[in-house]
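Read the structure below first, then the notes.
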Amino acid sequence: MVQISLLLAHPRPNSFNHALASAILDELDEAGHTVAFHDLYDEGFDPLLRPEECYTTGSTVEELLASSDDVLVATHREEIADADGLVVVHPNWWGKPPAILAGWLDRVLVPGVAYRLTDATGEPDGLLSLRAALVVNTTDTPAQREAEVLGDPLASIWTRCVLPYCGVRTVDRVVVGPVTDSTARARSEWLDEVARRTTDLFGLAEP
């Protein structure tokens, strides 16, 4: 049975990000996948990395994992360690994810869960068993300006830094926008595209 972790990071319940996440969830459910869906704002995920949770050279994995008594963080760590796939839906804010999602990265993708370092200068051993990840971003920046002027920093964050570092080899990313003042037809087409890309990436669950 394929297990998918679906993360949504947008504070407004009526946002287009919520509509995208809902379309993805429906597609995964229809395909027979088991989905752990987390609306980070709705569940009140605490993004603040505590001092005792900070990894330092010489710390053991056991010490690091035992340093947090946050039950929700522990749940997220367990789920991502067991997941076969990951979907992340969030807006492009200042070329980065919202702070709540950045905090999720800090507190959940920790040594012993997402990667292992043998020394401070070595290459990481990715520990996640994710066979694929899908990142969906909304934006109000035209694609040409994003690529030529801004350099698409979210592509670097997800497809070249975070996910490969944790051992994820297949990463698909969908960017939709500009969303502000978009037509109902455009939004419908984006929802269809995201649903199709979800199916293309994860396929049908095994019976």
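Every chain in the structure tokens has a letter given in the order shown (A, B, ...), and although residue numbers restart at 1 in each chain, ligands are simply numbered from 1 in the order shown.
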Worksheet item: Where in range 5-194 of chain A does DSSP assign strand (DSSP E), given as an NGL selection string?
Response: :A and (5-8 or 34-39 or 85-91 or 115-116 or 125-126 or 132-138 or 171-176)
Write the selection just made, keeping N, CA and C atoms, as an mmCIF file, in the first residue's frame?
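Output (part_13.cif):
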```cif
data_model
loop_
_atom_site.group_PDB
_atom_site.id
_atom_site.type_symbol
_atom_site.label_atom_id
_atom_site.label_comp_id
_atom_site.auth_asym_id
_atom_site.auth_seq_id
_atom_site.Cartn_x
_atom_site.Cartn_y
_atom_site.Cartn_z
ATOM 1 N N SER A 5 2.338 11.515 2.043
ATOM 2 C CA SER A 5 2.191 12.641 2.948
ATOM 3 C C SER A 5 1.876 13.880 2.123
ATOM 4 N N LEU A 6 0.787 14.548 2.454
ATOM 5 C CA LEU A 6 0.345 15.750 1.743
ATOM 6 C C LEU A 6 0.359 16.923 2.707
ATOM 7 N N LEU A 7 1.207 17.914 2.412
ATOM 8 C CA LEU A 7 1.347 19.091 3.261
ATOM 9 C C LEU A 7 0.789 20.323 2.552
ATOM 10 N N LEU A 8 -0.002 21.105 3.280
ATOM 11 C CA LEU A 8 -0.558 22.346 2.774
ATOM 12 C C LEU A 8 -0.128 23.481 3.692
ATOM 13 N N THR A 34 -3.074 5.664 0.438
ATOM 14 C CA THR A 34 -3.307 6.073 1.815
ATOM 15 C C THR A 34 -2.630 7.423 2.012
ATOM 16 N N VAL A 35 -3.404 8.424 2.425
ATOM 17 C CA VAL A 35 -2.893 9.793 2.484
ATOM 18 C C VAL A 35 -2.942 10.330 3.914
ATOM 19 N N ALA A 36 -1.809 10.864 4.362
ATOM 20 C CA ALA A 36 -1.758 11.617 5.612
ATOM 21 C C ALA A 36 -1.751 13.090 5.237
ATOM 22 N N PHE A 37 -2.900 13.748 5.396
ATOM 23 C CA PHE A 37 -3.059 15.135 4.972
ATOM 24 C C PHE A 37 -2.884 16.063 6.164
ATOM 25 N N HIS A 38 -2.018 17.065 5.993
ATOM 26 C CA HIS A 38 -1.770 18.023 7.065
ATOM 27 C C HIS A 38 -1.878 19.447 6.535
ATOM 28 N N ASP A 39 -2.902 20.177 7.017
ATOM 29 C CA ASP A 39 -2.997 21.613 6.814
ATOM 30 C C ASP A 39 -2.241 22.229 7.989
ATOM 31 N N GLY A 85 5.606 8.617 -0.771
ATOM 32 C CA GLY A 85 5.523 9.806 -1.610
ATOM 33 C C GLY A 85 5.218 11.033 -0.778
ATOM 34 N N LEU A 86 5.566 12.189 -1.322
ATOM 35 C CA LEU A 86 5.338 13.465 -0.638
ATOM 36 C C LEU A 86 4.762 14.460 -1.623
ATOM 37 N N VAL A 87 3.745 15.208 -1.169
ATOM 38 C CA VAL A 87 3.201 16.321 -1.938
ATOM 39 C C VAL A 87 3.198 17.544 -1.033
ATOM 40 N N VAL A 88 3.714 18.658 -1.553
ATOM 41 C CA VAL A 88 3.759 19.909 -0.792
ATOM 42 C C VAL A 88 3.096 20.996 -1.632
ATOM 43 N N VAL A 89 2.136 21.699 -1.023
ATOM 44 C CA VAL A 89 1.422 22.777 -1.704
ATOM 45 C C VAL A 89 1.625 24.061 -0.916
ATOM 46 N N HIS A 90 2.183 25.082 -1.557
ATOM 47 C CA HIS A 90 2.391 26.347 -0.852
ATOM 48 C C HIS A 90 2.608 27.486 -1.841
ATOM 49 N N PRO A 91 2.370 28.729 -1.402
ATOM 50 C CA PRO A 91 2.611 29.882 -2.264
ATOM 51 C C PRO A 91 4.084 30.266 -2.287
ATOM 52 N N TYR A 115 18.096 12.254 6.935
ATOM 53 C CA TYR A 115 19.448 12.085 6.406
ATOM 54 C C TYR A 115 20.398 11.722 7.533
ATOM 55 N N ARG A 116 21.605 11.341 7.137
ATOM 56 C CA ARG A 116 22.656 11.036 8.107
ATOM 57 C C ARG A 116 23.961 11.636 7.595
ATOM 58 N N ASP A 125 23.892 10.941 3.679
ATOM 59 C CA ASP A 125 23.187 9.738 3.257
ATOM 60 C C ASP A 125 21.700 10.021 3.432
ATOM 61 N N GLY A 126 20.973 10.093 2.330
ATOM 62 C CA GLY A 126 19.538 10.336 2.415
ATOM 63 C C GLY A 126 18.822 9.129 2.978
ATOM 64 N N ALA A 132 8.966 9.385 -4.842
ATOM 65 C CA ALA A 132 8.761 10.598 -5.637
ATOM 66 C C ALA A 132 8.167 11.683 -4.751
ATOM 67 N N ALA A 133 8.349 12.926 -5.197
ATOM 68 C CA ALA A 133 7.768 14.079 -4.506
ATOM 69 C C ALA A 133 7.212 15.047 -5.533
ATOM 70 N N LEU A 134 6.096 15.667 -5.181
ATOM 71 C CA LEU A 134 5.462 16.678 -6.021
ATOM 72 C C LEU A 134 5.356 17.968 -5.228
ATOM 73 N N VAL A 135 5.869 19.048 -5.793
ATOM 74 C CA VAL A 135 5.779 20.368 -5.165
ATOM 75 C C VAL A 135 4.914 21.249 -6.047
ATOM 76 N N VAL A 136 3.875 21.835 -5.457
ATOM 77 C CA VAL A 136 2.960 22.712 -6.198
ATOM 78 C C VAL A 136 3.046 24.106 -5.599
ATOM 79 N N ASN A 137 3.394 25.074 -6.432
ATOM 80 C CA ASN A 137 3.538 26.460 -5.978
ATOM 81 C C ASN A 137 2.593 27.382 -6.723
ATOM 82 N N THR A 138 1.980 28.295 -5.984
ATOM 83 C CA THR A 138 1.230 29.376 -6.621
ATOM 84 C C THR A 138 2.099 30.629 -6.618
ATOM 85 N N VAL A 171 11.647 14.326 -8.430
ATOM 86 C CA VAL A 171 10.929 15.491 -7.923
ATOM 87 C C VAL A 171 10.252 16.188 -9.101
ATOM 88 N N ASP A 172 8.933 16.327 -9.023
ATOM 89 C CA ASP A 172 8.185 17.081 -10.027
ATOM 90 C C ASP A 172 7.679 18.355 -9.359
ATOM 91 N N ARG A 173 7.661 19.434 -10.105
ATOM 92 C CA ARG A 173 7.209 20.710 -9.559
ATOM 93 C C ARG A 173 6.277 21.380 -10.544
ATOM 94 N N VAL A 174 5.150 21.867 -10.022
ATOM 95 C CA VAL A 174 4.165 22.561 -10.834
ATOM 96 C C VAL A 174 4.019 23.980 -10.292
ATOM 97 N N VAL A 175 4.129 24.964 -11.168
ATOM 98 C CA VAL A 175 3.956 26.362 -10.784
ATOM 99 C C VAL A 175 2.737 26.901 -11.515
ATOM 100 N N VAL A 176 1.765 27.434 -10.774
ATOM 101 C CA VAL A 176 0.563 27.982 -11.392
ATOM 102 C C VAL A 176 0.447 29.463 -11.053
#
```
I want to know what sits within 10 Å of Leu130 in chain A, based on only C-alpha atoms, with residues of the same chain fewer than 6 positions away left out; could you give that as a PDB file with N, CA and C atoms, in the first residue's frame?
```pdb
ATOM      1  N   GLN A   3       1.830   4.987   0.710  1.00  0.00           N
ATOM      2  CA  GLN A   3       1.480   6.016   1.689  1.00  0.00           C
ATOM      3  C   GLN A   3       2.033   7.360   1.220  1.00  0.00           C
ATOM      4  N   ILE A   4       1.164   8.345   1.159  1.00  0.00           N
ATOM      5  CA  ILE A   4       1.532   9.665   0.683  1.00  0.00           C
ATOM      6  C   ILE A   4       1.335  10.680   1.805  1.00  0.00           C
ATOM      7  N   SER A   5       2.338  11.515   2.043  1.00  0.00           N
ATOM      8  CA  SER A   5       2.191  12.641   2.948  1.00  0.00           C
ATOM      9  C   SER A   5       1.876  13.880   2.123  1.00  0.00           C
ATOM     10  N   ILE A  80       6.731  10.838   7.728  1.00  0.00           N
ATOM     11  CA  ILE A  80       7.606  11.072   6.581  1.00  0.00           C
ATOM     12  C   ILE A  80       8.633   9.958   6.451  1.00  0.00           C
ATOM     13  N   ALA A  81       9.028   9.355   7.573  1.00  0.00           N
ATOM     14  CA  ALA A  81       9.975   8.242   7.520  1.00  0.00           C
ATOM     15  C   ALA A  81       9.355   7.016   6.865  1.00  0.00           C
ATOM     16  N   ASP A  82       8.032   6.861   6.989  1.00  0.00           N
ATOM     17  CA  ASP A  82       7.341   5.699   6.435  1.00  0.00           C
ATOM     18  C   ASP A  82       6.724   5.955   5.065  1.00  0.00           C
ATOM     19  N   ALA A  83       6.716   7.206   4.627  1.00  0.00           N
ATOM     20  CA  ALA A  83       5.993   7.565   3.408  1.00  0.00           C
ATOM     21  C   ALA A  83       6.698   7.078   2.144  1.00  0.00           C
ATOM     22  N   ASP A  84       5.875   6.761   1.142  1.00  0.00           N
ATOM     23  CA  ASP A  84       6.381   6.399  -0.181  1.00  0.00           C
ATOM     24  C   ASP A  84       6.388   7.607  -1.113  1.00  0.00           C
ATOM     25  N   GLY A  85       5.606   8.617  -0.771  1.00  0.00           N
ATOM     26  CA  GLY A  85       5.523   9.806  -1.610  1.00  0.00           C
ATOM     27  C   GLY A  85       5.218  11.033  -0.778  1.00  0.00           C
ATOM     28  N   LEU A  86       5.566  12.189  -1.322  1.00  0.00           N
ATOM     29  CA  LEU A  86       5.338  13.465  -0.638  1.00  0.00           C
ATOM     30  C   LEU A  86       4.762  14.460  -1.623  1.00  0.00           C
ATOM     31  N   LEU A 163      15.116  18.147  -1.088  1.00  0.00           N
ATOM     32  CA  LEU A 163      14.697  16.777  -1.376  1.00  0.00           C
ATOM     33  C   LEU A 163      15.849  15.871  -1.815  1.00  0.00           C
ATOM     34  N   CYS A 166      17.844  14.599   1.084  1.00  0.00           N
ATOM     35  CA  CYS A 166      17.205  13.544   1.883  1.00  0.00           C
ATOM     36  C   CYS A 166      17.056  12.235   1.118  1.00  0.00           C
ATOM     37  N   GLY A 167      17.614  12.181  -0.091  1.00  0.00           N
ATOM     38  CA  GLY A 167      17.614  10.937  -0.847  1.00  0.00           C
ATOM     39  C   GLY A 167      16.498  10.783  -1.852  1.00  0.00           C
ATOM     40  N   VAL A 168      15.720  11.852  -2.101  1.00  0.00           N
ATOM     41  CA  VAL A 168      14.609  11.764  -3.052  1.00  0.00           C
ATOM     42  C   VAL A 168      15.138  12.015  -4.456  1.00  0.00           C
ATOM     43  N   ARG A 169      14.976  11.054  -5.338  1.00  0.00           N
ATOM     44  CA  ARG A 169      15.548  11.150  -6.682  1.00  0.00           C
ATOM     45  C   ARG A 169      14.585  11.760  -7.698  1.00  0.00           C
ATOM     46  N   THR A 170      13.295  11.525  -7.527  1.00  0.00           N
ATOM     47  CA  THR A 170      12.314  12.000  -8.496  1.00  0.00           C
ATOM     48  C   THR A 170      11.490  13.116  -7.878  1.00  0.00           C
ATOM     49  N   VAL A 171      11.647  14.326  -8.430  1.00  0.00           N
ATOM     50  CA  VAL A 171      10.929  15.491  -7.923  1.00  0.00           C
ATOM     51  C   VAL A 171      10.252  16.188  -9.101  1.00  0.00           C
TER      52      VAL A 171
END
```
Could you list, as a compact mmCIF listing (two decimals) with N, CA, C and O atoms, in the first residue's frame, every residue within 12 Å of Asp200 in chain A, counting only C-alpha atoms and ignoring same-chain residues fewer than 3 positions away?
```
# COMPACT_ATOMS: atom_id res chain seq x y z
N ILE A 24 -5.76 17.45 -5.30
CA ILE A 24 -4.73 16.42 -5.19
C ILE A 24 -5.19 15.30 -4.27
O ILE A 24 -5.01 14.11 -4.56
N GLU A 27 -7.62 13.11 -5.99
CA GLU A 27 -6.96 12.27 -6.99
C GLU A 27 -6.24 11.10 -6.32
O GLU A 27 -6.30 9.95 -6.81
N LEU A 28 -5.57 11.35 -5.22
CA LEU A 28 -4.85 10.29 -4.51
C LEU A 28 -5.82 9.28 -3.91
O LEU A 28 -5.58 8.06 -3.94
N ALA A 31 -7.16 7.06 -6.57
CA ALA A 31 -6.15 6.10 -7.03
C ALA A 31 -5.88 5.00 -6.01
O ALA A 31 -5.13 4.07 -6.29
N ALA A 132 8.97 9.38 -4.84
CA ALA A 132 8.76 10.60 -5.64
C ALA A 132 8.17 11.68 -4.75
O ALA A 132 7.56 11.41 -3.71
N ALA A 133 8.35 12.93 -5.20
CA ALA A 133 7.77 14.08 -4.51
C ALA A 133 7.21 15.05 -5.53
O ALA A 133 7.78 15.23 -6.62
N LEU A 134 6.10 15.67 -5.18
CA LEU A 134 5.46 16.68 -6.02
C LEU A 134 5.36 17.97 -5.23
O LEU A 134 4.84 17.97 -4.11
N ASP A 172 8.93 16.33 -9.02
CA ASP A 172 8.18 17.08 -10.03
C ASP A 172 7.68 18.36 -9.36
O ASP A 172 7.36 18.36 -8.17
N GLU A 193 -4.62 20.23 -14.36
CA GLU A 193 -3.21 19.90 -14.60
C GLU A 193 -2.56 19.28 -13.36
O GLU A 193 -1.83 18.29 -13.45
N VAL A 194 -2.83 19.85 -12.20
CA VAL A 194 -2.25 19.33 -10.97
C VAL A 194 -2.75 17.92 -10.69
O VAL A 194 -1.98 17.04 -10.26
N ALA A 195 -4.04 17.67 -10.93
CA ALA A 195 -4.58 16.32 -10.74
C ALA A 195 -3.90 15.33 -11.68
O ALA A 195 -3.53 14.21 -11.28
N ARG A 196 -3.72 15.75 -12.94
CA ARG A 196 -3.06 14.86 -13.91
C ARG A 196 -1.62 14.58 -13.53
O ARG A 196 -1.16 13.43 -13.59
N ARG A 197 -0.90 15.60 -13.11
CA ARG A 197 0.51 15.41 -12.73
C ARG A 197 0.62 14.51 -11.50
O ARG A 197 1.57 13.75 -11.35
N GLY A 203 0.73 7.26 -9.90
CA GLY A 203 0.02 6.13 -10.48
C GLY A 203 -1.08 5.60 -9.58
O GLY A 203 -1.55 6.26 -8.66
N LEU A 204 -1.46 4.36 -9.84
CA LEU A 204 -2.49 3.69 -9.05
C LEU A 204 -1.85 2.89 -7.94
O LEU A 204 -0.78 2.31 -8.11
```
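When CA of Tyr41 in chain A is paired with CA of His10 in chain A, their separation reads 6.8 Å.
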Surrounding residues of range 98-100 of chain A excluding itself and chain neighbours under 3 positions, 9 Å, only C-alpha atoms, as a compact mmCIF listing (two decimals) with all heavy atoms, in the first residue's frame:
```txt
# COMPACT_ATOMS: atom_id res chain seq x y z
N ALA A 9 0.41 24.55 3.11
CA ALA A 9 0.87 25.68 3.92
C ALA A 9 0.33 26.98 3.35
O ALA A 9 0.97 27.64 2.52
CB ALA A 9 2.40 25.71 3.98
N HIS A 10 -0.87 27.35 3.78
CA HIS A 10 -1.45 28.65 3.44
C HIS A 10 -2.45 29.01 4.52
O HIS A 10 -3.29 28.18 4.90
CB HIS A 10 -2.14 28.62 2.08
CG HIS A 10 -2.39 29.99 1.52
ND1 HIS A 10 -3.32 30.86 2.06
CD2 HIS A 10 -1.82 30.67 0.48
CE1 HIS A 10 -3.31 32.00 1.39
NE2 HIS A 10 -2.41 31.91 0.43
N LEU A 40 -1.01 22.67 7.75
CA LEU A 40 -0.13 23.06 8.85
C LEU A 40 -0.70 24.21 9.67
O LEU A 40 -0.55 24.23 10.91
CB LEU A 40 1.25 23.45 8.30
CG LEU A 40 2.04 22.32 7.61
CD1 LEU A 40 3.40 22.83 7.14
CD2 LEU A 40 2.23 21.13 8.55
N TYR A 41 -1.34 25.18 9.03
CA TYR A 41 -1.92 26.28 9.78
C TYR A 41 -3.11 25.80 10.61
O TYR A 41 -3.27 26.18 11.77
CB TYR A 41 -2.36 27.40 8.84
CG TYR A 41 -1.22 28.25 8.33
CD1 TYR A 41 -0.64 27.99 7.09
CD2 TYR A 41 -0.75 29.34 9.06
CE1 TYR A 41 0.40 28.77 6.60
CE2 TYR A 41 0.29 30.13 8.59
CZ TYR A 41 0.86 29.83 7.36
OH TYR A 41 1.89 30.62 6.88
N PHE A 45 0.71 23.78 13.66
CA PHE A 45 2.09 23.30 13.73
C PHE A 45 3.00 24.44 14.20
O PHE A 45 2.96 25.55 13.67
CB PHE A 45 2.55 22.80 12.37
CG PHE A 45 3.92 22.18 12.39
CD1 PHE A 45 4.09 20.84 12.67
CD2 PHE A 45 5.06 22.96 12.14
CE1 PHE A 45 5.35 20.27 12.70
CE2 PHE A 45 6.32 22.40 12.19
CZ PHE A 45 6.46 21.05 12.47
N ASP A 46 3.82 24.16 15.20
CA ASP A 46 4.75 25.15 15.74
C ASP A 46 6.04 25.12 14.94
O ASP A 46 6.79 24.14 14.99
CB ASP A 46 5.04 24.83 17.21
CG ASP A 46 5.95 25.88 17.86
OD1 ASP A 46 6.37 26.82 17.16
OD2 ASP A 46 6.23 25.74 19.06
N PRO A 47 6.35 26.19 14.19
CA PRO A 47 7.54 26.17 13.33
C PRO A 47 8.83 26.53 14.05
O PRO A 47 9.91 26.45 13.45
CB PRO A 47 7.22 27.23 12.28
CG PRO A 47 6.39 28.24 13.02
CD PRO A 47 5.57 27.43 14.00
N LEU A 48 8.76 26.92 15.32
CA LEU A 48 9.95 27.42 16.00
C LEU A 48 10.85 26.26 16.47
O LEU A 48 10.44 25.44 17.29
CB LEU A 48 9.55 28.28 17.20
CG LEU A 48 8.79 29.56 16.88
CD1 LEU A 48 8.48 30.32 18.16
CD2 LEU A 48 9.58 30.43 15.92
N HIS A 90 2.18 25.08 -1.56
CA HIS A 90 2.39 26.35 -0.85
C HIS A 90 2.61 27.49 -1.84
O HIS A 90 3.01 27.28 -2.99
CB HIS A 90 3.59 26.25 0.11
CG HIS A 90 4.93 26.22 -0.55
ND1 HIS A 90 5.62 27.37 -0.93
CD2 HIS A 90 5.74 25.18 -0.91
CE1 HIS A 90 6.78 27.03 -1.48
NE2 HIS A 90 6.87 25.71 -1.48
N PRO A 91 2.37 28.73 -1.40
CA PRO A 91 2.61 29.88 -2.26
C PRO A 91 4.08 30.27 -2.29
O PRO A 91 4.86 29.88 -1.41
CB PRO A 91 1.78 30.99 -1.59
CG PRO A 91 1.81 30.62 -0.13
CD PRO A 91 1.78 29.11 -0.10
N ASN A 92 4.44 31.02 -3.30
CA ASN A 92 5.77 31.60 -3.40
C ASN A 92 5.73 32.95 -2.69
O ASN A 92 5.17 33.92 -3.19
CB ASN A 92 6.16 31.79 -4.87
CG ASN A 92 7.54 32.38 -5.04
OD1 ASN A 92 8.14 32.91 -4.12
ND2 ASN A 92 8.06 32.31 -6.26
N TRP A 93 6.34 33.01 -1.51
CA TRP A 93 6.41 34.25 -0.75
C TRP A 93 7.86 34.67 -0.61
O TRP A 93 8.65 34.00 0.05
CB TRP A 93 5.77 34.08 0.64
CG TRP A 93 4.27 34.03 0.61
CD1 TRP A 93 3.46 34.28 -0.45
CD2 TRP A 93 3.41 33.72 1.71
NE1 TRP A 93 2.14 34.14 -0.10
CE2 TRP A 93 2.08 33.80 1.22
CE3 TRP A 93 3.62 33.38 3.04
CZ2 TRP A 93 0.97 33.55 2.03
CZ3 TRP A 93 2.51 33.13 3.85
CH2 TRP A 93 1.21 33.22 3.35
N TRP A 94 8.22 35.77 -1.28
CA TRP A 94 9.59 36.26 -1.25
C TRP A 94 10.59 35.19 -1.71
O TRP A 94 11.70 35.10 -1.21
CB TRP A 94 9.97 36.75 0.16
CG TRP A 94 9.18 37.93 0.63
CD1 TRP A 94 8.19 37.94 1.57
CD2 TRP A 94 9.29 39.29 0.17
NE1 TRP A 94 7.68 39.20 1.73
CE2 TRP A 94 8.34 40.06 0.90
CE3 TRP A 94 10.10 39.92 -0.77
CZ2 TRP A 94 8.19 41.42 0.69
CZ3 TRP A 94 9.94 41.29 -0.95
CH2 TRP A 94 9.00 42.01 -0.23
N GLY A 103 9.71 26.08 9.01
CA GLY A 103 9.88 25.51 10.34
C GLY A 103 9.64 24.01 10.34
O GLY A 103 10.28 23.27 11.11
N TRP A 104 8.71 23.55 9.50
CA TRP A 104 8.48 22.10 9.36
C TRP A 104 9.76 21.42 8.86
O TRP A 104 10.14 20.36 9.37
CB TRP A 104 7.32 21.85 8.39
CG TRP A 104 6.94 20.41 8.25
CD1 TRP A 104 5.98 19.74 8.96
CD2 TRP A 104 7.48 19.46 7.32
NE1 TRP A 104 5.91 18.43 8.54
CE2 TRP A 104 6.81 18.23 7.53
CE3 TRP A 104 8.46 19.54 6.33
CZ2 TRP A 104 7.10 17.08 6.78
CZ3 TRP A 104 8.76 18.39 5.59
CH2 TRP A 104 8.08 17.19 5.81
N LEU A 105 10.42 22.03 7.89
CA LEU A 105 11.68 21.48 7.40
C LEU A 105 12.71 21.40 8.52
O LEU A 105 13.40 20.39 8.67
CB LEU A 105 12.23 22.34 6.25
CG LEU A 105 11.39 22.44 4.98
CD1 LEU A 105 12.04 23.41 4.01
CD2 LEU A 105 11.20 21.08 4.33
```
Discussion item. If I take CA of Leu201 in chain A and CA of Gly32 in chain A, how far is one from the other in Å, to one decimal?
Written reply: 13.9 Å
